[in-house]
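Here is the structure we will look at, set down as structure tokens.
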Amino acid sequence: RRREAQVELGPQVLLARRKGVPQGPPDVADRQLYWLRAVVMHPDNRVSQLIHYAREIVIAPRTQNELFEDIPAEGELTEILRARVHRKDGGVAFPTEEHNDGRRPRIRWPELAPGDTVEVAIRSWTSTAVGGRGDAPFYFLDYAGAPSTHPLLYNEVVVETRQGHPLYVDVLRGTKHKKTESDAGGKHVVRYVWDAPDVVQDEPLAPPLSETVPVIVGSTFRSWDDFRKWYMEAIRGFTEPDDEVRRLAKELTKGKVTREQKLKALFDFVADDIRYVNYTSGEWWLPNRPQQLLARREGDCDDKALLLITLLKSVGIEAEEVMVQTRLTGQPSVVTAKNVAVPMFDHGIAFLPGPNGGQYLDATSPQSRLGPLPSMDARAMALRLQGPPEIVQLPASSPDDHGADVVWNLTLDAEGAGDLTGEETHAGDGAFYLRTYLSEADARLQYVEDNLVSPWLPAVEVDKTIEFKGDLAQGKSWVRYKAHSLGVARREQGDLVVPLSPPTTLASQLAPLVNRTLPVVLPSHLAPSHQTRTMRLTAPAGFTWATVPPGGDVQGGEFGKASLDVQRDPQNPRVLVVRRNVTFDQHWITVEKYASWRGFIQKVDALMHKSVRLVPDAKRGGK
């Protein structure tokens, strides 16, 4: 506590930072008046972190859940040192509920009013030593900035280490801070202070804060060479096949002659027969050994990667592990820091060296198949455990690798209802989702209705007989279904009007702001991907297609492209053929390119959001 007293501020200093509540509508949800993180590497190689902060309430909690404090989750053991409310009128209140129960302590506040300030101090510890041979790794992140709805007014990070017990620290995008260093009593202390941390706009589809504000990162590893040496030593022998693994590999590849046949058999076994469960090993920071997976028939991503590598080695195919920070995490600047190696990885896959850059294998999820990398892996940052010790970007993938090709035959009646026969071939992520939800016959109807038909047509009833093929070449999937919709067309003065797009525009989802201050980051399932749809619309008896709207193309360059073509069927004048395609490629749109991106999306909406009109024959003079 003596060390902590040297860095904590008293309440009078914290409360002097208050801004008060505006007279009119609130301009923010709350204000982080003060944030301190003090990281200490102790002589036994355990790490403690003191976090002390004060938050001024501007919008009062509206539900009971909002009265629970979102305590930072740092370390394995956390204790509450201080929790109190400084009332706007000068009084002090304390939590109605406060529990210290290891990793997840809990604070529940009394009723809070605008102008109150909550103050919290916690201290966390790693449960074991960190960073040494056989020890767990350790890293931390601290953000010297915040979104405009929750601004941060002061940020301080203090790191204390001892000779022979290092922590390596780097500051990303840091130019406005004050840094001081001192040495005393065998301790080295470095302090970073931001008196005016960055404030960024709270915008939809924005990247994580780590990509937009200064970030202080710390780790027990200086370089990726250091980390890789530590990790390879820790898993030494994990991928050496034993008799049981060899027996299983031989059984799984029985009758398989070619290398590709053996690879597919082993890949499918790991994907489908080893249930995905994130359970920890005895050395909780390491993967489980392949023998443990085979005994339990379950494991997580890196567990399954090591099992696949071991099985492949049993049949003479060499592969290696790859640690991935997927696009779901999407904080590449953290792992590409120059002066520290921060192992912020959320995924593990395998790599098969070979021609054309080799092949990456992700057998994590049931229903995974050989073919394109999942889009969360494509363009993600990764560390290969062979070759140069550096962060690399995984292959970009193509829009052709992910998406759907759909053919609809839709026959309308005179009331605007319609009978639909749909046939879809999905690739990449789309195929994975089809396999996941359609492999069991009883689950097919609900998925088809909710995800394939209802986004386009209202009041839908899907026929329970649904055909499905999940194991086509290159991991593709195919489905065929029938459905009836009561509202394919709307009536307008006796005419029937059929929209050619879903009601929601792309601009409202992907480019709702006129101007932006932050990049747009599209979710991995959207870019890269393609959606191609051919609709054959058959007019009801007594109706004729009126003037057909023009089609066209939109070329978006790196963003993607779109096209629409509407034609009468020359073989059958009652049939209208609509062909539409929307392709997205670039997933990160910079601020400088946002106007072009938004223009592209608006042009796609203008092209696609059209309708076709059916006119009663009597209106056309019987023609």
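All residue names refer to the structure tokens as shown: chains lettered A, B, ... in order, residues numbered from 1 in each chain, ligands numbered from 1 in order.
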Neighbour list for range 598-613 of chain A as number ranges by chain, cut-off 8 Å, only C-alpha atoms, skip fewer than 2 positions in-chain | A: 495-501, 505-507, 510-511, 545-549, 551-556, 559, 562-564, 580, 594-596, 615
Write out as a ChimeraX atom specification the residues lying within 12 Å of Val334 in chain A, counting only C-alpha atoms and excluding same-chain residues fewer than 2 positions away.
-> /A:139-143,169-173,208-219,325,329-332,336-345,381-382,391
Go through A:Arg296, A:Lys88, A:Val159, A:Ala54 one by one, measure the shortest atom-to-atom distance of each to Ile122 in chain A using only C-alpha atoms, and give the residue with the smallest value.
->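 The answer is A:Ala54, which sits nearest to Ile122 in chain A.
What separates CA of Gly134 in chain A from CA of Ser365 in chain A is a distance of 29.3 Å.
For the pair CA of Ala427 in chain A and CA of Thr364 in chain A, the interatomic distance is 17.4 Å.
Residues in contact with Thr310 in chain A at 6 Å, where only C-alpha atoms are counted and same-chain residues fewer than 2 positions away are skipped, are listed as Thr239, Pro241, Leu307, Leu308, Leu312 and Lys313 of chain A.
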Between CA of Arg104 in chain A and CA of Asp70 in chain A lies a distance of 10.1 Å
If you run DSSP on this backbone, which residues of range 457-612 of chain A come out as strand (DSSP E or B), and could you give them as a PyMOL selection string?
-> chain A and resi 460-462+467-469+477-485+490-492+495-499+520-521+529-538+543-545+552-555+560-569+572-584+588-589+611-612
Which of range 440-538 of chain A DSSP labels helix (DSSP H, G or I), written as a PDB file with C-alpha atoms, in the first residue's frame:
```pdb
ATOM      1  CA  ALA A 441     -33.094 -32.072 -41.391  1.00  0.00           C
ATOM      2  CA  ASP A 442     -35.302 -30.923 -38.524  1.00  0.00           C
ATOM      3  CA  ALA A 443     -33.451 -27.593 -38.262  1.00  0.00           C
ATOM      4  CA  ARG A 444     -33.643 -26.635 -41.922  1.00  0.00           C
ATOM      5  CA  LEU A 445     -37.058 -25.033 -42.143  1.00  0.00           C
ATOM      6  CA  GLN A 446     -36.460 -22.346 -39.529  1.00  0.00           C
ATOM      7  CA  TYR A 447     -33.070 -21.340 -40.936  1.00  0.00           C
ATOM      8  CA  VAL A 448     -34.333 -21.145 -44.517  1.00  0.00           C
ATOM      9  CA  GLU A 449     -37.330 -19.080 -43.452  1.00  0.00           C
ATOM     10  CA  ASP A 450     -35.408 -16.676 -41.190  1.00  0.00           C
ATOM     11  CA  ASN A 451     -32.245 -16.184 -43.235  1.00  0.00           C
ATOM     12  CA  LEU A 452     -32.859 -17.046 -46.887  1.00  0.00           C
ATOM     13  CA  VAL A 453     -36.445 -15.995 -47.600  1.00  0.00           C
ATOM     14  CA  ALA A 473     -16.067 -29.428 -54.215  1.00  0.00           C
ATOM     15  CA  GLN A 474     -14.039 -26.612 -52.581  1.00  0.00           C
ATOM     16  CA  GLY A 475     -16.221 -26.804 -49.495  1.00  0.00           C
ATOM     17  CA  LEU A 506     -27.265  -0.575 -47.931  1.00  0.00           C
ATOM     18  CA  ALA A 507     -26.531   3.075 -47.182  1.00  0.00           C
ATOM     19  CA  SER A 508     -28.577   2.971 -43.968  1.00  0.00           C
ATOM     20  CA  GLN A 509     -26.457   0.034 -42.791  1.00  0.00           C
ATOM     21  CA  LEU A 510     -22.993   0.725 -44.201  1.00  0.00           C
TER      22      LEU A 510
END
```
Please provide the set of residues having any atom within 8 Å of range 245-256 of chain A, restricted to only C-alpha atoms, with same-chain residues fewer than 2 positions apart removed, written as a PDB file with C-alpha atoms, in the first residue's frame.
```
ATOM      1  CA  PRO A 241       2.813 -38.863 -32.868  1.00  0.00           C
ATOM      2  CA  ASP A 242       2.528 -41.761 -30.438  1.00  0.00           C
ATOM      3  CA  ASP A 243       1.232 -45.242 -31.244  1.00  0.00           C
ATOM      4  CA  THR A 258      -3.344 -39.512 -52.818  1.00  0.00           C
ATOM      5  CA  GLN A 261      -7.401 -37.665 -50.058  1.00  0.00           C
ATOM      6  CA  LYS A 262      -5.441 -38.242 -46.854  1.00  0.00           C
ATOM      7  CA  ALA A 265      -9.899 -37.370 -44.358  1.00  0.00           C
ATOM      8  CA  LEU A 266      -7.798 -36.113 -41.456  1.00  0.00           C
ATOM      9  CA  PHE A 269     -12.146 -35.845 -38.698  1.00  0.00           C
ATOM     10  CA  GLN A 291      -3.733 -37.266 -26.789  1.00  0.00           C
ATOM     11  CA  THR A 310       0.174 -34.459 -35.436  1.00  0.00           C
ATOM     12  CA  LEU A 311      -2.148 -36.644 -37.510  1.00  0.00           C
ATOM     13  CA  LEU A 312      -0.690 -35.252 -40.751  1.00  0.00           C
ATOM     14  CA  SER A 314       1.782 -39.563 -38.916  1.00  0.00           C
ATOM     15  CA  VAL A 315       1.119 -40.000 -42.652  1.00  0.00           C
TER      16      VAL A 315
END
```
Counting only C-alpha atoms, what is within 8 Å of Trp588 in chain A, bar same-chain residues fewer than 3 positions away, as a list in words?
-> Pro519, Val520, Val521 and Leu522 of chain A
Can you list, as number ranges by chain, every protein, DNA or RNA residue that comes within 8 Å of His150 in chain A when you count only C-alpha atoms, leaving out same-chain residues fewer than 5 positions away?
-> A: 28-32
